[in-house]
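Student: Provided herewith: data08.cif, mmCIF, C-alpha atoms and all ligand atoms.
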```cif
data_work
loop_
_atom_site.label_atom_id
_atom_site.label_comp_id
_atom_site.auth_asym_id
_atom_site.auth_seq_id
_atom_site.Cartn_x
_atom_site.Cartn_y
_atom_site.Cartn_z
CA MET U 1 27.98 -14.25 55.58
CA GLY U 2 31.17 -15.36 53.92
CA LEU U 3 32.83 -13.49 51.11
CA PRO U 4 31.38 -12.73 47.68
CA PRO U 5 33.02 -14.53 44.77
CA LEU U 6 35.98 -12.74 43.20
CA ASP U 7 34.84 -11.40 39.82
CA ARG U 8 37.84 -10.47 37.66
CA SER U 9 35.85 -9.64 34.57
CA THR U 10 36.64 -6.35 32.83
CA LEU U 11 33.26 -6.28 31.08
CA TRP U 12 29.65 -7.27 31.65
CA PRO U 13 27.14 -7.73 28.80
CA PHE U 14 24.62 -4.96 28.22
CA GLU U 15 21.05 -5.82 29.10
CA ALA U 16 18.75 -5.40 26.08
CA GLY U 17 21.29 -3.00 24.63
CA GLU U 18 21.62 -0.94 27.82
CA PRO U 19 24.60 -0.87 30.24
CA GLY U 20 23.60 -2.34 33.63
CA GLU U 21 25.12 -1.56 37.06
CA PHE U 22 28.44 -3.01 35.85
CA TYR U 23 29.69 -2.69 32.29
CA TYR U 24 33.44 -1.93 32.32
CA GLN U 25 35.85 -2.52 35.20
CA ARG U 26 37.38 0.98 35.25
CA TYR U 27 33.95 2.40 36.20
CA ALA U 28 33.00 -0.16 38.85
CA HIS U 29 33.18 -3.88 39.59
CA PRO U 30 31.11 -6.06 41.95
CA THR U 31 33.98 -7.02 44.27
CA GLY U 32 35.01 -3.38 44.64
CA VAL U 33 31.46 -2.27 45.37
CA ALA U 34 31.09 -4.98 48.04
CA ALA U 35 34.36 -3.89 49.69
CA GLU U 36 33.35 -0.23 49.51
CA ARG U 37 30.06 -1.02 51.20
CA ALA U 38 31.83 -2.83 54.05
CA LEU U 39 34.40 -0.06 54.58
CA GLY U 40 31.76 2.68 54.25
CA GLU U 41 29.80 1.10 57.11
CA LEU U 42 32.90 1.03 59.31
CA ASP U 43 33.74 4.69 58.75
CA GLY U 44 30.16 5.97 58.58
CA GLY U 45 30.18 7.29 55.02
CA GLU U 46 30.48 6.30 51.38
CA ALA U 47 33.80 4.63 50.54
CA LEU U 48 35.72 4.68 47.27
CA LEU U 49 38.70 2.42 46.63
CA PHE U 50 41.84 3.47 44.77
CA SER U 51 44.91 1.62 43.56
CA SER U 52 46.97 2.71 46.60
CA GLY U 53 46.93 5.19 49.46
CA ALA U 54 49.09 7.53 47.38
CA GLY U 55 46.67 7.06 44.48
CA ALA U 56 43.80 8.05 46.75
CA SER U 57 45.70 11.18 47.84
CA THR U 58 46.41 12.08 44.22
CA ALA U 59 42.75 11.69 43.30
CA VAL U 60 41.57 13.87 46.21
CA VAL U 61 43.80 16.82 45.40
CA LEU U 62 43.44 16.67 41.62
CA ALA U 63 39.68 16.16 41.70
CA LEU U 64 38.74 18.59 44.46
CA LEU U 65 41.33 21.39 44.17
CA ALA U 66 42.38 23.76 41.40
CA PRO U 67 45.74 25.29 40.37
CA GLY U 68 46.67 28.04 42.84
CA ASP U 69 44.94 26.33 45.77
CA THR U 70 46.85 25.67 48.98
CA ILE U 71 46.71 22.64 51.28
CA ALA U 72 47.51 23.06 54.97
CA VAL U 73 49.18 19.74 55.74
CA ALA U 74 50.12 18.39 59.16
CA GLU U 75 53.86 18.69 59.67
CA GLY U 76 55.49 15.35 60.34
CA CYS U 77 52.82 13.43 58.45
CA TYR U 78 53.59 10.50 56.15
CA TYR U 79 56.64 11.52 54.15
CA GLY U 80 55.14 10.32 50.86
CA THR U 81 52.20 12.70 51.20
CA THR U 82 54.32 15.86 51.28
CA THR U 83 56.54 14.37 48.57
CA LEU U 84 53.43 13.98 46.42
CA PHE U 85 52.35 17.57 47.12
CA ARG U 86 55.83 18.75 46.11
CA GLU U 87 55.53 16.71 42.91
CA LEU U 88 52.25 18.50 42.13
CA GLU U 89 53.72 21.99 42.70
CA ARG U 90 54.52 22.28 39.00
CA TRP U 91 50.77 21.92 38.33
CA GLY U 92 50.11 24.95 40.51
CA LEU U 93 49.24 23.22 43.77
CA LYS U 94 50.69 24.77 46.91
CA HIS U 95 51.02 23.46 50.43
CA VAL U 96 52.05 24.77 53.83
CA GLU U 97 52.93 22.62 56.81
CA PHE U 98 51.43 23.38 60.21
CA ASP U 99 51.30 21.93 63.71
CA GLN U 100 48.15 19.79 63.64
CA THR U 101 47.75 19.98 67.41
CA GLN U 102 46.81 23.65 66.82
CA ALA U 103 44.25 25.35 64.54
CA PRO U 104 45.04 25.28 60.78
CA PRO U 105 46.22 28.53 59.13
CA ASP U 106 43.78 30.82 57.30
CA GLY U 107 43.61 31.14 53.54
CA VAL U 108 43.87 27.48 52.57
CA GLN U 109 41.45 25.42 50.50
CA LEU U 110 42.02 22.00 52.13
CA VAL U 111 43.17 20.93 55.61
CA TRP U 112 45.09 17.65 55.62
CA LEU U 113 45.49 15.92 58.99
CA GLU U 114 46.95 12.57 59.96
CA ALA U 115 45.74 10.55 62.95
CA PRO U 116 48.12 9.67 64.44
CA SER U 117 50.94 11.03 62.28
CA ASN U 118 53.52 8.66 60.86
CA PRO U 119 56.18 8.52 62.34
CA PHE U 120 55.74 11.28 64.95
CA LEU U 121 52.47 9.95 66.37
CA THR U 122 50.87 13.34 67.06
CA MET U 123 47.08 13.58 67.10
CA PRO U 124 45.27 16.42 65.32
CA ASP U 125 43.00 18.92 67.06
CA LEU U 126 39.94 17.82 65.11
CA ALA U 127 37.61 20.35 66.69
CA ALA U 128 39.90 23.25 65.73
CA ALA U 129 40.17 21.90 62.17
CA ALA U 130 36.41 21.37 61.87
CA ALA U 131 35.90 25.07 62.74
CA HIS U 132 38.04 26.04 59.72
CA PRO U 133 36.05 27.00 56.60
CA ALA U 134 38.03 24.65 54.31
CA PRO U 135 37.16 20.96 53.96
CA VAL U 136 39.09 18.73 56.35
CA LEU U 137 40.67 15.41 55.37
CA VAL U 138 41.96 12.98 57.98
CA ASP U 139 44.42 10.31 56.92
CA ALA U 140 43.36 7.74 59.52
CA THR U 141 45.59 4.92 58.23
CA ALA U 142 47.24 4.32 61.60
CA ALA U 143 44.11 4.81 63.72
CA THR U 144 41.71 2.69 61.63
CA PRO U 145 37.93 2.98 62.18
CA VAL U 146 38.37 0.73 65.22
CA HIS U 147 39.88 3.68 67.10
CA LEU U 148 38.72 6.76 65.19
CA ARG U 149 35.78 7.70 62.97
CA PRO U 150 36.72 11.24 61.87
CA LEU U 151 33.48 11.85 59.91
CA GLU U 152 31.66 11.80 63.26
CA GLN U 153 33.96 14.54 64.54
CA GLY U 154 33.50 17.08 61.79
CA ALA U 155 35.94 15.82 59.15
CA ASP U 156 34.75 15.88 55.53
CA LEU U 157 37.00 13.16 54.13
CA VAL U 158 38.79 10.16 55.57
CA LEU U 159 41.70 8.59 53.74
CA HIS U 160 43.31 5.21 54.36
CA SER U 161 46.29 3.44 52.99
CA ALA U 162 44.28 0.20 53.05
CA THR U 163 47.58 -1.49 52.29
CA LYS U 164 48.17 -1.28 56.04
CA TYR U 165 45.81 -2.29 58.87
CA LEU U 166 42.60 -2.57 56.85
CA SER U 167 43.93 -5.33 54.61
CA GLY U 168 46.33 -6.31 57.34
CA HIS U 169 48.52 -9.06 55.86
CA SER U 170 51.14 -7.15 53.83
CA ASP U 171 49.94 -8.66 50.57
CA VAL U 172 47.91 -5.95 48.84
CA LEU U 173 48.39 -2.32 47.79
CA LEU U 174 45.17 -0.33 48.16
CA GLY U 175 43.79 3.08 49.12
CA ALA U 176 40.40 4.40 50.18
CA VAL U 177 38.56 7.68 50.66
CA ILE U 178 35.35 7.91 52.67
CA ALA U 179 33.02 10.91 52.56
CA ARG U 180 29.38 11.80 53.22
CA ASP U 181 28.77 14.69 50.86
CA GLU U 182 27.16 13.27 47.71
CA GLN U 183 28.72 15.81 45.35
CA THR U 184 32.18 15.12 46.70
CA VAL U 185 31.73 11.38 46.30
CA ALA U 186 30.36 11.80 42.77
CA ARG U 187 33.27 14.05 41.77
CA LEU U 188 35.84 11.60 43.17
CA ARG U 189 34.13 8.68 41.46
CA GLU U 190 34.11 10.54 38.14
CA PHE U 191 37.78 11.49 38.48
CA ARG U 192 38.70 7.93 39.42
CA SER U 193 37.08 6.48 36.29
CA ARG U 194 38.67 9.09 34.06
CA SER U 195 42.16 8.85 35.57
CA GLY U 196 42.09 5.08 36.02
CA ILE U 197 43.43 5.26 39.60
CA VAL U 198 41.23 2.27 40.37
CA ALA U 199 41.51 -0.73 42.68
CA ALA U 200 41.70 -4.19 41.11
CA PRO U 201 39.10 -6.83 42.08
CA ASP U 202 41.77 -9.03 43.71
CA ALA U 203 42.84 -6.16 45.96
CA ALA U 204 39.22 -5.38 46.87
CA TRP U 205 38.60 -9.03 47.72
CA LEU U 206 41.64 -9.14 49.99
CA LEU U 207 40.34 -6.03 51.74
CA LEU U 208 37.00 -7.74 52.34
CA ARG U 209 38.83 -10.67 53.87
CA GLY U 210 41.04 -8.41 55.97
CA LEU U 211 38.07 -6.47 57.33
CA LYS U 212 36.67 -9.70 58.83
CA THR U 213 39.48 -9.67 61.40
CA LEU U 214 40.22 -5.93 61.56
CA GLU U 215 38.87 -5.29 65.02
CA LEU U 216 40.50 -8.39 66.54
CA ARG U 217 43.84 -7.57 64.97
CA VAL U 218 43.85 -3.90 65.90
CA ARG U 219 42.75 -4.52 69.49
CA ARG U 220 45.51 -7.10 69.93
CA GLN U 221 48.09 -4.80 68.33
CA THR U 222 47.00 -1.98 70.64
CA GLU U 223 47.31 -4.19 73.71
CA THR U 224 50.80 -5.33 72.72
CA ALA U 225 51.98 -1.88 71.61
CA LYS U 226 50.85 -0.27 74.90
CA GLU U 227 52.92 -2.75 76.87
CA LEU U 228 55.97 -2.40 74.62
CA ALA U 229 55.77 1.42 74.80
CA VAL U 230 55.86 1.25 78.62
CA ARG U 231 58.83 -1.12 78.63
CA LEU U 232 60.73 0.82 75.96
CA LYS U 233 60.36 4.03 78.00
CA GLU U 234 62.22 2.35 80.85
CA HIS U 235 65.01 0.94 78.71
CA PRO U 236 68.37 2.68 79.24
CA ARG U 237 69.14 2.76 75.50
CA VAL U 238 65.84 4.44 74.61
CA GLU U 239 65.63 8.24 74.72
CA THR U 240 62.15 9.10 73.48
CA VAL U 241 59.07 6.95 72.88
CA ARG U 242 56.27 8.30 70.67
CA TYR U 243 52.96 6.47 71.02
CA ALA U 244 49.43 7.83 70.65
CA GLY U 245 48.06 5.48 73.30
CA PHE U 246 46.20 3.29 70.79
CA GLY U 247 46.99 1.40 67.59
CA GLY U 248 50.02 -0.64 66.69
CA LEU U 249 52.34 2.11 65.45
CA MET U 250 55.06 3.80 67.52
CA SER U 251 58.50 5.28 67.13
CA PHE U 252 61.40 5.66 69.52
CA ASP U 253 64.90 7.11 69.52
CA VAL U 254 67.85 5.02 70.63
CA THR U 255 71.23 6.10 71.93
CA GLY U 256 73.99 4.97 69.62
CA ASP U 257 73.61 3.23 66.29
CA ALA U 258 69.99 2.78 65.16
CA LYS U 259 71.13 0.73 62.18
CA LYS U 260 72.77 -1.80 64.51
CA VAL U 261 69.49 -2.15 66.41
CA GLU U 262 67.26 -2.54 63.35
CA THR U 263 69.54 -5.13 61.76
CA SER U 264 69.79 -7.15 64.98
CA THR U 265 66.15 -8.14 65.36
CA ARG U 266 65.27 -11.77 64.66
CA LEU U 267 61.49 -11.88 64.99
CA ILE U 268 60.71 -8.28 64.04
CA VAL U 269 61.25 -7.87 60.30
CA ASN U 270 63.61 -5.08 59.25
CA ALA U 271 61.41 -3.68 56.50
CA THR U 272 59.38 -0.64 55.60
CA SER U 273 55.56 -0.47 55.68
CA LEU U 274 53.30 -1.14 58.65
CA GLY U 275 49.98 -2.52 59.77
CA GLY U 276 50.54 -6.19 58.99
CA ALA U 277 50.40 -9.39 61.02
CA ASP U 278 54.21 -9.43 61.24
CA SER U 279 55.96 -6.73 63.26
CA THR U 280 58.28 -4.50 61.23
CA MET U 281 60.87 -1.96 62.30
CA GLU U 282 63.10 0.43 60.41
CA SER U 283 65.08 3.63 60.72
CA ARG U 284 63.11 6.35 58.96
CA HIS U 285 66.21 8.48 58.42
CA ARG U 286 67.13 6.41 55.35
CA TRP U 287 63.99 7.73 53.60
CA GLU U 288 63.23 11.05 55.26
CA GLY U 289 66.70 12.44 55.98
CA ASP U 290 66.96 15.19 58.58
CA ARG U 291 63.19 15.59 58.77
CA VAL U 292 63.41 12.87 61.43
CA PRO U 293 66.03 12.22 64.14
CA LYS U 294 68.87 10.04 62.85
CA ASN U 295 68.33 7.54 65.66
CA LEU U 296 64.53 7.23 65.23
CA LEU U 297 63.16 3.72 64.76
CA ARG U 298 59.56 3.17 63.67
CA LEU U 299 57.97 0.02 65.00
CA SER U 300 54.77 -1.49 63.65
CA VAL U 301 53.55 -4.04 66.18
CA GLY U 302 52.11 -7.20 64.66
CA LEU U 303 50.27 -10.14 66.13
CA GLU U 304 53.17 -11.97 67.74
CA ASP U 305 53.33 -12.76 71.44
CA VAL U 306 54.23 -9.68 73.49
CA GLU U 307 56.94 -11.46 75.50
CA LYS U 308 58.61 -12.74 72.33
CA LEU U 309 58.55 -9.26 70.86
CA TRP U 310 60.01 -7.74 74.01
CA ALA U 311 62.75 -10.40 74.13
CA ASP U 312 63.61 -9.56 70.53
CA LEU U 313 63.71 -5.81 71.21
CA GLU U 314 65.86 -6.31 74.31
CA GLN U 315 68.42 -8.44 72.51
CA ALA U 316 68.51 -6.03 69.55
CA LEU U 317 68.98 -3.04 71.87
CA SER U 318 71.91 -4.73 73.55
CA ALA U 319 73.54 -5.87 70.31
N1 LIG L 401 49.20 7.52 54.41
C1 LIG L 401 49.93 6.97 55.38
C2 LIG L 401 49.73 7.40 56.80
C3 LIG L 401 50.87 5.98 55.08
O1 LIG L 401 51.61 5.41 56.06
C4 LIG L 401 51.03 5.58 53.72
C5 LIG L 401 52.03 4.57 53.31
O2 LIG L 401 52.99 4.27 53.96
C6 LIG L 401 50.26 6.21 52.74
C7 LIG L 401 49.34 7.16 53.12
C8 LIG L 401 50.40 5.84 51.29
O3 LIG L 401 49.78 4.60 51.07
P1 LIG L 401 50.23 3.54 49.96
O4 LIG L 401 51.59 3.05 50.34
O5 LIG L 401 49.15 2.48 50.06
O6 LIG L 401 50.24 4.23 48.65
#
```
Show this structure as structure tokens.

Tutor:
Amino acid sequence: MGLPPLDRSTLWPFEAGEPGEFYYQRYAHPTGVAAERALGELDGGEALLFSSGAGASTAVVLALLAPGDTIAVAEGCYYGTTTLFRELERWGLKHVEFDQTQAPPDGVQLVWLEAPSNPFLTMPDLAAAAAHPAPVLVDATAATPVHLRPLEQGADLVLHSATKYLSGHSDVLLGAVIARDEQTVARLREFRSRSGIVAAPDAAWLLLRGLKTLELRVRRQTETAKELAVRLKEHPRVETVRYAGFGGLMSFDVTGDAKKVETSTRLIVNATSLGGADSTMESRHRWEGDRVPKNLLRLSVGLEDVEKLWADLEQALSA
């Protein structure tokens, strides 16, 4: 019941000259361990926290792969993930993009899926990926364990930007990896301590608090997003709506000037990021260039009243 106290200590005294469970914060801290336990239960594995989602991705590839290895990564996945892989090319890491609705290509050492992908909202063929000999990672940031538990469907690793739905209030940067294989978890834990890509106690505490309302928030966001997706599809200024059928994330293309639409909202915040209590919307073209349609808007549905959100979208679309 309740939340454990936030322990910001960086050190804990040895016991009779011997280090106890906690001794130095870079290795482990009580608030982090409590948050990892809670998240591990939700995803059905052992969770490890990292300083951000990108930090978690960095740790996975540097700890588990070797120079010369290739990652098969879902095309149209979070832009920052492929940017990171490109950054790591000079250390000998290769990647190929593939359509995650089909089987991954042969000859790769890690399969990297995203469920659903951000901002294209495709869902991976998990069964086809699980049949591949390489380990399979699912970035389930947008699905959350409320809608998807990839470890139960043959995935080896789950990754979250816990910055998003898991923490849920746009006030903490945090990443997580969940796995079942003991050796994998031990290797990631070792790499995390050595590299220092660790989560701070404050961030872990905010995750614990966010998890208390995760299911309520995500179910409400799903309900609202489903309704908005239906209405957007019928709007004359909307060309394409991408929605996975669950979760709070969607994207749609507008006719005319997307910038005019995104800057005309009053309730929906024109900002990047997603998964918070406040709805946010932005053109992804500003970040991703021609990888996405110029008129694509990504909408992260928050906890506001559905009619107020629709009224805001309608007035912005007619601006
Ligand atoms: N994965 C997905 C699907 C994301 O949307 C993001 C961030 O936008 C990340 C990973 C990276 O997470 P973070 O921003 O916490 O580093």

Student: Using only C-alpha atoms and all ligand atoms, which residues of chain U come within 7 Å of ligand LIG 401 (chain L), and what is the closest atom pair for each, with the distance in Å to one decimal? Give it as a tab-separated table, sorted by chain and residue number.

Tutor:
```
residue	atom	partner	partner_atom	distance
U:Ser52	CA	L:LIG401	O5	4.1
U:Gly53	CA	L:LIG401	O3	3.3
U:Ala54	CA	L:LIG401	O6	3.7
U:Gly55	CA	L:LIG401	O6	6.2
U:Cys77	CA	L:LIG401	C2	7.0
U:Tyr78	CA	L:LIG401	C2	5.0
U:Gly80	CA	L:LIG401	C8	6.5
U:Thr81	CA	L:LIG401	C7	6.5
U:Glu114	CA	L:LIG401	C2	6.7
U:Ser117	CA	L:LIG401	C2	6.7
U:Asn118	CA	L:LIG401	C2	5.7
U:Asp139	CA	L:LIG401	C2	6.1
U:Ala140	CA	L:LIG401	C2	6.9
U:Thr141	CA	L:LIG401	C2	5.0
U:Ala142	CA	L:LIG401	C2	6.2
U:His160	CA	L:LIG401	N1	6.3
U:Ser161	CA	L:LIG401	O3	4.1
U:Ala162	CA	L:LIG401	O5	6.2
U:Thr163	CA	L:LIG401	O5	4.8
U:Leu173	CA	L:LIG401	O5	5.4
U:Leu174	CA	L:LIG401	O5	5.2
U:Gly175	CA	L:LIG401	O5	5.5
U:Ser273	CA	L:LIG401	O2	5.7
```

Student: Smallest atom-to-atom distance to Asp305 (chain U): which of U:Ala155, U:Leu126, U:Leu214, U:Ile268, using all atoms listed in the file?

Tutor: U:Ile268

Student: Rounded to one decimal in Å, what is the spacing between CA of Arg37 (chain U) and CA of Leu113 (chain U)?

Tutor: 24.2 Å

Student: Quick one: residues within 10 Å of Gly44 (chain U), all atoms listed in the file counted, chain neighbours fewer than 6 positions away excluded, as a PyMOL selection string?

Tutor: chain U and resi 145+149-152+178-180

Student: Which residue is closest to Arg298 (chain U)? Choose from U:Pro133, U:Gly168, U:Gly2, U:Gly248 and count all atoms listed in the file.

Tutor: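 Among the listed residues, U:Gly248 lies closest to Arg298 (chain U).
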
Student: With only C-alpha atoms as the counted atoms, please give the residues lying no more than 7 Å from region 29-32 of chain U, apart from itself and same-chain residues fewer than 5 positions off, as a PDB file with C-alpha atoms, in the coordinates of the input.

Tutor:
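This is the output file around-v8.pdb:
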```
ATOM      1  CA  LEU U   6      35.980 -12.740  43.200  1.00  0.00           C
ATOM      2  CA  ASP U   7      34.840 -11.400  39.820  1.00  0.00           C
ATOM      3  CA  PHE U  22      28.440  -3.010  35.850  1.00  0.00           C
ATOM      4  CA  PRO U 201      39.100  -6.830  42.080  1.00  0.00           C
ATOM      5  CA  ALA U 204      39.220  -5.380  46.870  1.00  0.00           C
ATOM      6  CA  TRP U 205      38.600  -9.030  47.720  1.00  0.00           C
TER       7      TRP U 205
END
```

Student: List as a PyMOL selection string: which residues have an atom within 12 Å of (28.7, 2.9, 52.8), counting all atoms listed in the file?

Tutor: chain U and resi 33-49+177-182+185

Student: Looking at all atoms listed in the file, which of U:Ser318, U:Gly275, U:Val301, U:His285 is the one that sits closest to Pro236 (chain U)?

Tutor: U:Ser318

Student: Using only C-alpha atoms, which residue out of U:Leu64, U:Ala203, U:Gly276, U:Thr122 lies closest to Leu157 (chain U)?

Tutor: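 When distances to Leu157 (chain U) are compared using only C-alpha atoms, the smallest one comes from U:Leu64.
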
Student: Would you pull region 68-84 of chain U out of the block just shown and save N, CA and C atoms as a compact mmCIF listing (two decimals), in the first residue's frame?

Tutor:
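Written out: out-v4.txt:
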```
# COMPACT_ATOMS: atom_id res chain seq x y z
N GLY U 68 30.00 -5.23 -35.98
CA GLY U 68 29.74 -6.11 -37.12
C GLY U 68 28.35 -6.70 -37.11
N ASP U 69 27.70 -6.67 -35.94
CA ASP U 69 26.33 -7.21 -35.86
C ASP U 69 25.34 -6.27 -36.55
N THR U 70 24.22 -6.86 -36.98
CA THR U 70 23.18 -6.09 -37.67
C THR U 70 21.85 -6.20 -36.93
N ILE U 71 21.18 -5.07 -36.80
CA ILE U 71 19.83 -5.03 -36.22
C ILE U 71 18.82 -4.89 -37.36
N ALA U 72 17.79 -5.72 -37.35
CA ALA U 72 16.67 -5.51 -38.28
C ALA U 72 15.65 -4.68 -37.53
N VAL U 73 15.48 -3.43 -37.95
CA VAL U 73 14.62 -2.51 -37.21
C VAL U 73 13.38 -2.16 -38.03
N ALA U 74 12.25 -2.10 -37.34
CA ALA U 74 10.97 -1.81 -38.01
C ALA U 74 11.04 -0.46 -38.69
N GLU U 75 10.71 -0.43 -40.00
CA GLU U 75 10.74 0.86 -40.69
C GLU U 75 9.57 1.70 -40.17
N GLY U 76 9.82 2.98 -40.05
CA GLY U 76 8.78 3.88 -39.55
C GLY U 76 8.66 3.85 -38.04
N CYS U 77 9.65 3.28 -37.35
CA CYS U 77 9.61 3.29 -35.89
C CYS U 77 10.09 4.66 -35.39
N TYR U 78 10.10 4.83 -34.07
CA TYR U 78 10.50 6.11 -33.48
C TYR U 78 11.80 6.60 -34.13
N TYR U 79 11.72 7.82 -34.63
CA TYR U 79 12.82 8.42 -35.38
C TYR U 79 14.15 8.37 -34.60
N GLY U 80 14.06 8.65 -33.31
CA GLY U 80 15.27 8.69 -32.48
C GLY U 80 15.99 7.35 -32.39
N THR U 81 15.25 6.26 -32.58
CA THR U 81 15.88 4.94 -32.49
C THR U 81 16.80 4.71 -33.69
N THR U 82 16.32 5.01 -34.88
CA THR U 82 17.18 4.81 -36.06
C THR U 82 18.30 5.87 -36.08
N THR U 83 18.02 7.05 -35.53
CA THR U 83 19.08 8.06 -35.43
C THR U 83 20.19 7.55 -34.51
N LEU U 84 19.80 6.91 -33.42
CA LEU U 84 20.79 6.33 -32.50
C LEU U 84 21.60 5.24 -33.20
```
